[in-house]
Structure formats: C-alpha cells, structure tokens
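Each remark here refers to the structure printed beneath this line.
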Number of protein chains: 4
Amino acid sequence: MPGEPVTATLLISCPDQKGLVAAVSDFLYKNDGNIIHADQHTDQEENVFVQRVEWQLDGFRVPREEIAPAFEPLAERFGMRWSLRFSDYTPRVAVFVSKLSHCLYDLLARWRMEEFRADVRLVISNHADNAEVAERFGVPYRHFDMTTATKETAEAEMRGLLDSEHVDFIVLARYMQVLSPQFVERYPHRIVNIHHSFLPAFAGARPYHQAHERGVKLIGATAHYVTADLDQGPIIAQEVAQVSHRDSVEDLVRKGRDLEKTVLARAVDLHLRNRVVVYGNKTVVFD
Amino acid sequence: MPGEPVTATLLISCPDQKGLVAAVSDFLYKNDGNIIHADQHTDQEENVFVQRVEWQLDGFRVPREEIAPAFEPLAERFGMRWSLRFSDYTPRVAVFVSKLSHCLYDLLARWRMEEFRADVRLVISNHADNAEVAERFGVPYRHFDMTTATKETAEAEMRGLLDSEHVDFIVLARYMQVLSPQFVERYPHRIVNIHHSFLPAFAGARPYHQAHERGVKLIGATAHYVTADLDQGPIIAQEVAQVSHRDSVEDLVRKGRDLEKTVLARAVDLHLRNRVVVYGNKTVVFD
Amino acid sequence: MPGEPVTATLLISCPDQKGLVAAVSDFLYKNDGNIIHADQHTDQEENVFVQRVEWQLDGFRVPREEIAPAFEPLAERFGMRWSLRFSDYTPRVAVFVSKLSHCLYDLLARWRMEEFRADVRLVISNHADNAEVAERFGVPYRHFDMTTATKETAEAEMRGLLDSEHVDFIVLARYMQVLSPQFVERYPHRIVNIHHSFLPAFAGARPYHQAHERGVKLIGATAHYVTADLDQGPIIAQEVAQVSHRDSVEDLVRKGRDLEKTVLARAVDLHLRNRVVVYGNKTVVFD
Amino acid sequence: MPGEPVTATLLISCPDQKGLVAAVSDFLYKNDGNIIHADQHTDQEENVFVQRVEWQLDGFRVPREEIAPAFEPLAERFGMRWSLRFSDYTPRVAVFVSKLSHCLYDLLARWRMEEFRADVRLVISNHADNAEVAERFGVPYRHFDMTTATKETAEAEMRGLLDSEHVDFIVLARYMQVLSPQFVERYPHRIVNIHHSFLPAFAGARPYHQAHERGVKLIGATAHYVTADLDQGPIIAQEVAQVSHRDSVEDLVRKGRDLEKTVLARAVDLHLRNRVVVYGNKTVVFD
C-alpha cells in the first residue's frame with residue numbers, strides 16, 4: 001500500500017433515475033479524474049441505484065478538501081446518500097473477543113503483515129483469556145466483567161474508551177455477548193460480526209450442535225453488519241465447507257474455525273477497502 | 001454396469017459393541033468372500049455402529065438365496081437392522097413432477113444414458129405440462145388432478161398404480177404437492193425429494209424469494225428422504241453456489257436449477273448404489 | 001424471455017483513456033436511453049478498457065437500425081473494437097458431438113425448456129451414436145465419417161451445411177476431433193469447447209486418467225473459446241469437484257460429467273446473453 | 001486433547017489379499033481392543049490395500065511396548081508396510097520459511113491454540129525477515145544465508161540442528177529454496193510443502209503470474225509431501241477459489257494467501273493426526 005497513488009472513493013445510493021452514471025462520470029471527467037475502478041448496481045425491484053467510483057487524486061483539479069462541497073449539489077439533485085473516502089486514511093479499529101482466539105490471532109497477524117490498512121487500537125473482551133494473545137502483538141487489552149448487573153456500566157465505559165481512541169470500526173471476533181441497541185446504533189454499519197453458521201440457518205446459540213443434530217452435509221459461516229436485531233443484519237460474506245457423518249461436533253467446530261477466520265477477514269477487508277454499500281437490509285459488495 | 005461382476009451388499013446398523021467388525025469380516029472371510037468395499041462408522045454420541053460391506057458373489061461359498069438365512073444368527077446376536085442387496089437387481093422407479101421440467105429432463109437423460117441402474121416405470125404429475133417430456137423419453141405419464149377434494153382419491157389411485165408397477169423407489173423431482181403421511185409411510189426411506197434451498201434455511205414455500213429478501217451470498221439445494229414432517233427428513237446431499245447483489249430472484253432461480261439437478265441426481269445415484277444408511281433422522285453416506 | 005422489453009447491448013474494448021465512461025453514458029443519456037446494466041473493466045497492466053452496457057430500446061430516441069451509425073464516430077474517436085446486439089435476435093446454433101451424450105442431452109433439454117435464447121439448427125457428429133438423442137429432441141443429425149483421408153472433405157461439407165443454416169455459434173459438446181485452423185478462423189470467438197480438466201492442468205488426451213495417475217484431490221472442467229492452438233483458447237468458465245483416493249478413473253469420469261455439463265452450459269449461456277468480451281487471450285465475463 | 005483417552009493407530013499398506021480385514025480386526029478383538037476409527041481402501045488397479053485402524057489403549061490386553069512385536073507376525077504374513085503411533089506422543093516440528101509470513105503466523109497461532117498436537121522446536125529461514133514473528137510466539141529462529149556457495153554447508157548445519165532437536169516433521173511454509181535430494185531423503189514423507197497453485201497446473205516459479213497470464217477463473221493451492229522431484233510429490237490437500245478478470249496479479253496473491261494457509265494447515269493437521277498413508281506417489285487420506 002505505501003507507494004500506491006492516493007485515491008478518492010465515492011460510495012453512492014439513491015433512487016434510480018436516468019442520467020445518474022452520466023452525471024457522476026461527467027463530474028469526474030471534466031475535472032480530469034483518472035478513474036481506477038467504477039461499478040454500479042441497479043436493484044430494479046426496489047428502484048435503487050448504487051455506485052462505487054474510485055479515482056486518483058493526483059491530477060484531479062479539485063483539491064481534496066473541496067471535493068465534498070463540489071459534489072454536494074449533484075448529490076442533492078439526485079437525492080443521494082453518499083460518502084467520500086480517501087485511500088491514505090487509516091481507520092482506527094477495536095476488536096471485541098471472548099474466550100476463543102482463532103479470529104483474533106488471524107486479524108492481528110493480518111494487521112501486522114499489513115494485509116489490512118488499519119490501526120488496531122485495542123482489544124476489548126468480557127474475559128481475561130486472550131490478554132496474552134493481544135500482548136504477543138503489542139495491542140492494549142481491556143477486560144470488562146460482564147454480568148446482567150454490570151453490563152450497562154461496562155458498555156458505558158467501553159464507549160468512553162472507544163471515543164477516546166477515536167475508533168471508527170469494530171470487529172466482533174467471536175464476541176459472545178449481545179451488544180445493547182444503544183451501543184449498536186452509535187456505530188451504524190460500522191460493526192462487523194462473524195456468526196458461526198450459514199445464516200439464516202442455525203441462528204442463535206450453539207449452531208454447530210444444531211448442525212450436527214440436523215445432519216447437514218455442509219457447514220457455514222456468515223459475516224454481517226450488526227444491527228439491533230440479533231443475527232439479522234446485512235450479510236457481507238458467507239462461505240461453506242463440506243462435512244459428513246464422520247464429523248463429530250468437535251470436528252464441525254474445528255472445520256468451522258477456518259471458515260470463521262476466512263469469512264470474517266474477507267468482510268473486514270471489504271469494509272476497509274470501501275467496497276461495501278448497505279441499502280435496506282442488504283449489501284452491495286463491489287469486489 | 002453390464003459385464004461387471006455381481007456383488008452382494010450388506011447395510012447394517014446396530015448398537016455399537018466390541019467384535020462387530022471382526023464378526024462380519026469373519027463371516028465373509030470363512031466363506032471366501034472377496035470384499036470390494038467395506039466402510040463403517042461409529043456415532044459415539046448415539047452409540048450406533050453403521051456398516052456397509054460389498055463383496056463378489058462369484059467364488060462366495062454361500063449361494064445367494066442362502067446368504068440372508070446364513071447371516072441372520074449373527075445379525076440377531078448384535079441386534080442389527082440390516083438389509084441385503086444384489087447388484088444385478090434393477091430398482092423400479094417412479095418420478096413425480098409438477099410444472100418444472102429441469103430435474104425430470106436430467107433424470108430421464110441419465111437413465112437413458114445408463115448412468116443409473118434403474119427401471120423408470122412411469123412419471124406421475126399433478127399437472128399436464130410435462131407429458132411431452134416423458135413422451136420424448138418413452139415413459140408413461142399419468143396426470144392426476146389434485147385439489148383438496150380429489151387428493152385422497154388421487155393418492156389412492158397413485159398407490160394402486162405404483163403397486164401394479166412394483167415400484168421400489170420414488171423421486172420427487174420438484175413435485176410441489178405435499179404427500180399425505182399415509183402415503184409416505186408406505187415408502188420408508190424410499191422417497192427422495194429435492195428442496196430448493198440449503199435446509200434448514202428457507203424451508204417452506206418460495207425459498208429463492210426468501211433468499212433474495214435476506215440478501216444471502218450463497219444459495220443451496222438439499223436432497224433428503226421424505227418423512228411425515230415436511231422438509232425435515234434425513235439429508236442425503238447438499239450443495240451451494242455463490243450469488244451476489246447482481247442476481248435478481250430470476251437469476252437465483254436460474255442458478256438454483258443447476259444445483260437442484262445435480263444434488264437430486266447425486267442423491268438418487270447414492271440411493272441406487274446402496275450407499276446410504278439412515279439412522280435416527282440422519283444419513284450415513286458411504287461414498 | 002417473451003414479454004421482456006427489447007434491449008440493445010454494446011460490447012466495447014479499446015485502449016484505456018480518460019473520458020470513456022463519460023462519453024458512452026452521455027451518448028445514451030442524451031438519447032434518453034434507460035440503462036439496464038452497465039459494467040466496465042480496466043486492465044491496468046495491458047492498458048485496456050472493456051465495457052458492456054445494455055439499455056431498453058423502448059423510449060430510446062435513435063431507431064435501432066441507426067444506432068450503429070450514430071455510435072460509429074464515438075467508437076472511432078476512442079479506437080474501439082465494438083459490437084452491438086439486440087435481445088430479440090435468436091442466435092442459430094450447431095452442436096458438435098462424438099460418442100458421449102451427457103452434454104448434448106443437457107444442452108438440448110435447456111434449449112427445449114427455453115433456458116437458452118437460441119435456435120438449435122442441427123447436431124453434427126463424427127459418429128452415429130447420438131442420432132437417437134437428436135431425434136428425441138426433434139433436431140436434424142448429420143454424421144460425417146472422419147478419417148485422415150476424409151477430414152478435409154468432411155469439414156468442407158460441414159462448412160457448407162453451417163452456411164446454409166446461417167449458423168452463428170458452434171458448441172463442441174465433447175467433440176473429440178480437432179477442427180482445422182481454417183475451420184476455426186471462420187468462427188472467431190464463436191466456437192465454445194468443453195475440456196474435461198482444469199486447464200492448463202491435464203491438457204490433451206485422457207485427462208481423467210492423468211488426474212488419477214497424479215493423485216489430485218480435485219478434478220475440473222474448463223469451457224473456452226476455440227482457437228487454432230489446442231486447449232489454449234480464452235477461458236470462459238471453470239469449475240472443480242472434490243475427489244479422493246476412493247475414486248477410481250470411472251468415478252472421476254462420472255463426477256466429471258456433471259462438471260462438464262454445468263460448465264459448458266454456463267459458458268453457452270454467458271455467450272448467448274452477450275456477457276463475454278475477449279481481449280488478447282482472455283475473457284471479461286460480465287455476470 | 002488433554003483428558004482424551006490414549007489411542008494406538010496402525011497405518012498399513014500391502015498387496016491386496018483375502019482375509020486382511022478379518023485378520024487385523026481379529027487381532028484387536030481377541031485382545032479386547034475398543035476400535036475408535038477403522039477405515040480401509042483397496043486400489044484395485046494397483047492391487048494395493050491400505051488401512052488405518054485406531055483403538056483405545058485402555059483395556060487393551062497387550063501392553064503398549066509389546067504391541068509392535070505382537071503385530072509383527074501378522075504383518076509379515078501379509079507383507080505389510082506398517083507403522084504404529086500413539087496419540088500421546090507429541091511430534092517435534094521445524095517450520096521453514098522465507099520472506100512471506102502468512103503461513104508461519106497461521107501455523108504458530110494454531111500451535112499456540114493447541115489446534116495441533118506438536119512441539120514446534122524452531123523456525124529456520126534463508127532470510128532474516130521473520131525473526132520478529134518467531135519471537136512473538138517464543139520460538140527460536142535460525143537464519144541461514146543461502147547462496148550457491150553456502151547451500152551445502154548451510155544444509156549440513158541445518159541437519160545438525162534438526163538432529164539435535166530430534167525433529168520428526170518439517171513444514172515448508174512458503175520456503176522458496178529447493179532442498180537437496182540428500183536432505184529430502186532423510187525425511188521420507190515427513191516434509192510437507194505448500195505450492196501456490198493447483199498442481200500440476202503452474203508448477204515452478206511465479207504461479208500467480210502464470211495464472212493471470214492464462215486468464216484462469218479459479219486459482220488453487222496444493223499441499224504435498226516433498227520428494228526429490230520438485231512439485232511432484234504425493235498430494236495431501238488441494239483447494240481453489242474463484243477469481244475473475246477484475247483480479248490483478250496482486251489480487252490473486254492476496255486471495256491465494258488464504259488458500260495457502262488453509263490448505264497447508266489442513267495437510268499438517270492430517271499428518272499430525274496420522275491420517276495420511278502414502279503408497280506409490282499417491283496419498284490415502286482417512287479423514
């Protein structure tokens with residue numbers, strides 16, 4: 001990533017109308033924008049238009065701080081929800097974890113290898129178990145004791161911590177505690193969770209036990225944005241693996257770990273590279 | 001298949017006990033059985049032992065009609081549920097279908113190419129639409145008008161027809177009518193259905209609409225034995241395909257057709273080659 | 001497909017330049033084109049721009065026969081290779097086949113179910129075996145005896161036949177005879193072949209034997225456009241399936257058939273829906 | 001793994017003969033062996049029989065140190081190549097690595113999470129880059145400078161190091177240096193390598209560049225035992241991922257990393273759980 005030219009990315013959604021693509025490409029063209037990636041999607045049933053366009057800042061006639069104001073009139077004309085991202089901004093990330101370590105290890109290793117453009121500020125947990133893992137990677141670890149009695153206070157403290165660290169993006173890496181709606185709504189489409197099943201199959205607790213009980217021939221994992229409705233948020237990525245009668249619940253758990261790591265990392269990567277747009281309860285993934 | 005040596009296959013399930021494998025392999029060895037395939041599975045949670053063993057009849061000291069009586073004492077000793085199959089027997093099959101043709105075409109083509117060892121006796125439908133397809137392949141087609149009023153009579157007539165054709169095995173190839181429990185229990189683990197989703201996700205009606213609504217990134221198909229509980233029978237095979245926001249409901253239906261054909265054919269093939277043993281509500285697939 | 005609004009589709013490739021997307025979308029916008037699908041790709045290493053754009057004819061200000069001339073100046077300005085397709089045109093197809101029937105059955109069934117918008121004019125074979133299959137589906141079957149001595153004459157006769165039937169598109173459905181370069185160059189990117197391996201692994205003859213010999217854990221199939229270099233043409237679609245030590249060569253062949261059918265049908269479908277653009281020896285597949 | 005009952009595992013291969021299964025199961029049965037897992041495979045073309053059988057030591061009448069001598073006569077009678085493993089033995093492992101870190105991170109994390117029963121004694125590299133990774137996980141790191149001039153000496157020193165650490169098993173985790181035949185033959189079927197392609201496609205150097213050049217629609221990774229023939233050893237595991245024209249070489253490398261990690265880890269896991277038997281140039285994987 002260092003050495004790569006800096007780009008700007010527009011993520012747009014709005015009611016579908018004629019002239020949208022022409023208007024956006026005109027805006028870039030007349031300002032000498034060199035488009036690196038452009039993709040759009042029209043949901044004809046919902047009449048929604050979604051676009052992602054990325055161009056090099058170098059040579060673009062509008063200075064970076066004036067791009068948003070310059071785009072605003074066009075956005076208003078079409079009734080767009082939009083956001084503008086710059087590729088040299090490094091999102092500030094918190095990872096939430098409980099007792100299991102595999103997703104945490106994987107995320108921290110990817111971050112240290114610079115697979116992710118991210119600044120992992122801290123790891124938050126409702127258990128002490130993963131302190132050593134965070135320490136291996138030189139990340140602060142904060143353990144909050146979570147009981148029905150302490151949850152509200154703990155969440156308030158967490159929010160303070162996240163604020164003071166200016167965290168943009170939260171990754172629930174097998175965090176087995178439900179976040180309150182108040183917490184969730186502070187981070188709209190900025191919390192990603194990994195659920196250890198092929199949603200909507202086996203929502204809720206102990207999905208591998210459910211899968212084993214039902215005798216399925218594939219198990220899955222689902223990464224999704226967290227919303228107030230448990231396991232119901234917009235899906236970003238899903239994957240499955242073959243299993244058979246030979247696999248005990250423990251084998252499903254073992255095979256599932258690899259799915260969970262891979263699918264969560266893919267979702268985090270897509271989010272960090274500004275590849276995901278949410279509309280309604282669905283995602284458009286421009287990969 | 002013609003020219004291949006004739007084999008006998010034992011399918012066994014019983015409570016797990018020491019000496020099971022030794023007893024069965026001894027029975028075959030002392031009678032000079034040449035084993036072609038042997039596989040077993042122990043479900044340690046349920047304490048169930050399941051075995052499939054196939055050997056050549058040629059050179060086996062027990063004549064084929066005496067194998068069952070000769071095995072009976074051993075089976076009783078261990079409390080086995082078992083069945084004995086001969087590879088030169090050709091199962092007699094009925095295909096049930098509604099308006100959609102893709103699974104029907106696929107099954108009849110495989111049968112005509114001799115991919116399946118089966119004798120397709122007839123196609124039964126609650127619609128007239130597929131008569132032409134059956135005719136292309138030279139199979140009798142029987143259309144039963146199915147309304148709440150006529151269902152009972154129609155099913156009775158169907159049963160008569162299946163009896164007179166000595167049908168062993170029924171394939172529901174996108175048959176969109178629920179069979180009565182009375183009908184189902186006459187064919188225990190001898191009716192295979194294809195459900196157009198990755199069960200247990202999207203059970204019931206219009207699974208592709210449900211999948212599109214939920215914004216999943218994979219769609220699936222599930223072949224299972226039919227039991228009295230709709231979409232709840234033992235699963236034989238499942239497969240998935242990637243989809244994205246670009247896929248409309250029509251695209252899901254289109255991509256799903258290929259899954260349905262392939263998964264149903266795989267289940268039919270496994271059943272016909274005596275590769276499936278059911279215990280509880282699960283299958284062991286010896287592939 | 002009947003009842004669907006008629007669309008026009010432009011398939012474009014040219015050297016990458018600023019203003020391309022703006023120019024094309026402007027052309028459509030100022031003529032009131034209602035875009036149904038637009039997608040583009042920039043190969044930054046090769047500096048090639050590839051675009052597919054599809055819009056409704058209804059309401060478009062340029063009459064269909066004047067679209068090409070109206071677009072020509074723009075195409076010339078950017079040095080485009082381009083083609084224009086209308087969705088109500090039905091391509092005329094010939095299927096070439098040898099002894100194996102599974103791809104032929106699958107293609108003809110899909111055609112009869114109207115999964116493909118195509119007019120299958122005839123089946124050509126170097127063997128008599130599949131005459132009955134063609135007959136089941138009511139398609140003329142032409143058998144050409146192919147020996148080193150007769151090949152040139154046979155190909156000449158074939159070309160006459162294809163010309164008289166105005167065939168646009170040829171599908172090699174496990175046709176095990178190499179077409180001469182002279183034949184191939186008459187149908188640039190209009191002959192699709194299915195190779196029964198994951199190319200470039202196991203090019204050439206008997207790939208399943210090669211795969212079994214090597215002990216691979218996956219087998220594959222590859223659909224590609226035919227060029228003068230055997231098994232080297234631009235790849236359209238590939239798929240794999242898991243195999244294990246349990247699979248004999250015959251099992252690989254059996255499992256491979258399903259891959260071959262599915263992958264070939266996908267490639268044919270993509271071609272018929274004008275989703276594939278070739279540049280260099282690669283394809284861009286806008287799916 | 002701690003708390004699990006200790007088991008013994010026999011891995012057997014020999015010419016196929018009648019009575020093999022009966023003889024082995026008898027040996028276990030008459031000594032009160034409680035079989036946990038038994039599976040066998042007959043390669044009918046090569047006339048080879050391969051078996052894996054695992055039973056609990058607890059209650060087995062033969063003391064562990066006498067099992068091998070007790071089994072020897074039976075093994076001799078059938079001409080078996082065999083080995084006996086105990087589940088409470090922890091193999092001693094060396095990981096070889098070059099500049100890339102992803103497989104190393106993954107293996108060390110799995111080891112620290114006790115996904116593997118292994119004792120990682122050291123990391124050996126021809127570069128200094130990964131010293132920090134090894135340090136994070138508390139593993140000794142040895143860097144050997146490798147040039148044509150130093151290679152022989154370096155390998156000799158490595159061998160000394162491996163001997164002094166009593167290393168059983170070597171994992172090449174993207175080690176980009178060819179080991180000499182002399183080195184390899186000291187560890188028959190005890191060195192696992194990950195090749196970053198779907199072998200035999202794209203053997204040799206820079207497979208992702210080759211894959212991009214060829215325009216394939218899937219990329220793969222292959223884990224295999226190392227033999228004197230580069231990239232030709234017995235394959236243990238393979239996996240693929242979908243790619244498209246949108247993927248640059250860098251994207252292939254990025255997607256490939258996840259395949260490499262997963263496939264290598266699967267092969268290491270299978271080896272450590274004594275699930276792999278090699279015969280000829282193939283593996284039987286009892287999973």
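Residues in the structure tokens are numbered from 1 in each chain, the chains being A, B, ... in the order shown, and ligands are numbered from 1 in the order shown.
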
**OP:** Tell me which protein, DNA and RNA residues are within 8 Å of His196 (chain B), counting only C-alpha atoms, leaving out same-chain ones fewer than 5 positions away, and put them as a ChimeraX atom specification.
**Re:** /B:207-208,220-222,256,260

With N, CA and C atoms retained, write the just-selected residues as an mmCIF file, in the first residue's frame.
```cif
data_model
loop_
_atom_site.group_PDB
_atom_site.id
_atom_site.type_symbol
_atom_site.label_atom_id
_atom_site.label_comp_id
_atom_site.auth_asym_id
_atom_site.auth_seq_id
_atom_site.Cartn_x
_atom_site.Cartn_y
_atom_site.Cartn_z
ATOM 1 N N PRO B 207 -38.409 -20.446 -1.544
ATOM 2 C CA PRO B 207 -37.113 -20.208 -0.887
ATOM 3 C C PRO B 207 -36.220 -19.207 -1.621
ATOM 4 N N TYR B 208 -36.307 -19.143 -2.952
ATOM 5 C CA TYR B 208 -35.434 -18.183 -3.639
ATOM 6 C C TYR B 208 -35.876 -16.756 -3.358
ATOM 7 N N GLY B 220 -28.585 -22.611 -2.067
ATOM 8 C CA GLY B 220 -28.318 -24.027 -1.963
ATOM 9 C C GLY B 220 -29.468 -24.898 -2.402
ATOM 10 N N ALA B 221 -29.204 -26.188 -2.422
ATOM 11 C CA ALA B 221 -30.235 -27.189 -2.666
ATOM 12 C C ALA B 221 -29.956 -28.388 -1.777
ATOM 13 N N THR B 222 -31.016 -29.065 -1.378
ATOM 14 C CA THR B 222 -30.920 -30.159 -0.412
ATOM 15 C C THR B 222 -31.751 -31.349 -0.882
ATOM 16 N N GLY B 256 -30.189 -21.779 -9.330
ATOM 17 C CA GLY B 256 -30.663 -22.849 -8.465
ATOM 18 C C GLY B 256 -31.016 -24.105 -9.238
ATOM 19 N N GLU B 260 -30.163 -27.883 -8.160
ATOM 20 C CA GLU B 260 -31.228 -28.872 -7.893
ATOM 21 C C GLU B 260 -31.009 -30.152 -8.688
#
```

**OP:** For Asn31 (chain C), list every protein, DNA or RNA residue within 8 Å, evaluated using only C-alpha atoms, and leave out those in the same chain fewer than 2 positions away; present the list as a ChimeraX atom specification.
**Re:** /C:27-29,33,60-62

**OP:** Mind the document's chain letters and residue numbers, and return as a ChimeraX atom specification the residues of region 18-217 of chain B that DSSP labels helix (DSSP H, G or I).
**Re:** /B:20-30,64-78,102-112,131-136,151-164,181-185,207-214

Original post:
Quick one: distance from CA of Val216 (chain D) to CA of Leu272 (chain C) in Å, one decimal?
Top reply: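 Going from CA of Val216 (chain D) over to CA of Leu272 (chain C) covers 20.8 Å.
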
Subject >> Within 12 Å of chain B: residues of chain D, using only C-alpha atoms, as a PyMOL selection string >> reply: chain D and resi 16-44+47+49-53+55-56+59-60+241-242+286

Subject >> Spatial neighbours of Pro69 (chain C), max dist 12 Å, only C-alpha atoms, sep filter under 6 positions, as a count of residues only >> reply: 6

**OP:** Just the strand (DSSP E) stuff from region 72-221 of chain D, please, per backbone DSSP, written as number ranges by chain.
**Re:** D: 81-86, 92-97, 119-125, 141-143, 169-172, 191-195, 218-221

Subject >> Option closest in space to Val226 (chain D), from D:Lys261, D:Arg206, D:His212, D:Arg190 [counting only C-alpha atoms] >> reply: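 So, comparing all the options, the nearest one is D:Arg190.
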
Original post:
Counting only C-alpha atoms, which of B:Tyr105, B:Phe137, B:Tyr225, B:Phe86 gets nearest to Leu172 (chain B)?
Top reply: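 The shortest atom-to-atom distance to Leu172 (chain B) comes from B:Tyr225.
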
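Comparing the minimum interatomic distances between Phe71 (chain A) and each of A:Val278, A:Phe116, A:Ile12, A:Gln177, counting only C-alpha atoms, we find that A:Ile12 sits nearest.
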
Original post:
Near His166 (chain B), counting only C-alpha atoms, which residues have an atom at most 9 Å away, once you skip same-chain residues fewer than 2 positions from it, shown as a list of chain:residue names?
Top reply: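 Those residues are B:Arg92, B:Val93, B:Arg121, B:Leu161, B:Leu162, B:Asp163, B:Ser164, B:Asp168.
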
Would you mind exporting N, CA and C atoms of the selected residues as a short mmCIF file (atom, residue, chain, number, x, y, z; two decimals), in the first residue's frame?
```cif
data_model
loop_
_atom_site.label_atom_id
_atom_site.label_comp_id
_atom_site.auth_asym_id
_atom_site.auth_seq_id
_atom_site.Cartn_x
_atom_site.Cartn_y
_atom_site.Cartn_z
N ARG B 92 -37.17 -50.42 -9.49
CA ARG B 92 -38.25 -49.90 -10.32
C ARG B 92 -38.66 -48.55 -9.75
N VAL B 93 -38.62 -47.55 -10.59
CA VAL B 93 -38.67 -46.16 -10.12
C VAL B 93 -39.86 -45.41 -10.71
N ARG B 121 -40.43 -46.64 -14.48
CA ARG B 121 -41.70 -47.23 -14.91
C ARG B 121 -42.70 -46.19 -15.35
N LEU B 161 -51.44 -47.69 -8.73
CA LEU B 161 -50.58 -47.68 -9.90
C LEU B 161 -49.14 -48.09 -9.53
N LEU B 162 -48.65 -47.54 -8.45
CA LEU B 162 -47.29 -47.87 -8.00
C LEU B 162 -47.19 -49.35 -7.64
N ASP B 163 -48.24 -49.87 -7.01
CA ASP B 163 -48.24 -51.29 -6.67
C ASP B 163 -48.22 -52.16 -7.92
N SER B 164 -49.07 -51.80 -8.86
CA SER B 164 -49.16 -52.65 -10.06
C SER B 164 -47.86 -52.59 -10.86
N ASP B 168 -40.25 -49.55 -6.43
CA ASP B 168 -39.43 -49.61 -5.21
C ASP B 168 -39.08 -48.26 -4.65
#
```

**OP:** Just give me the gap between CA of Asp269 (chain D) and CA of His102 (chain A) in Å, one decimal is fine.
**Re:** 15.5 Å

Subject >> Å distance separating CA of Arg110 (chain A) from CA of Asp106 (chain D), one decimal place >> reply: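 Going from CA of Arg110 (chain A) over to CA of Asp106 (chain D) covers 9.8 Å.
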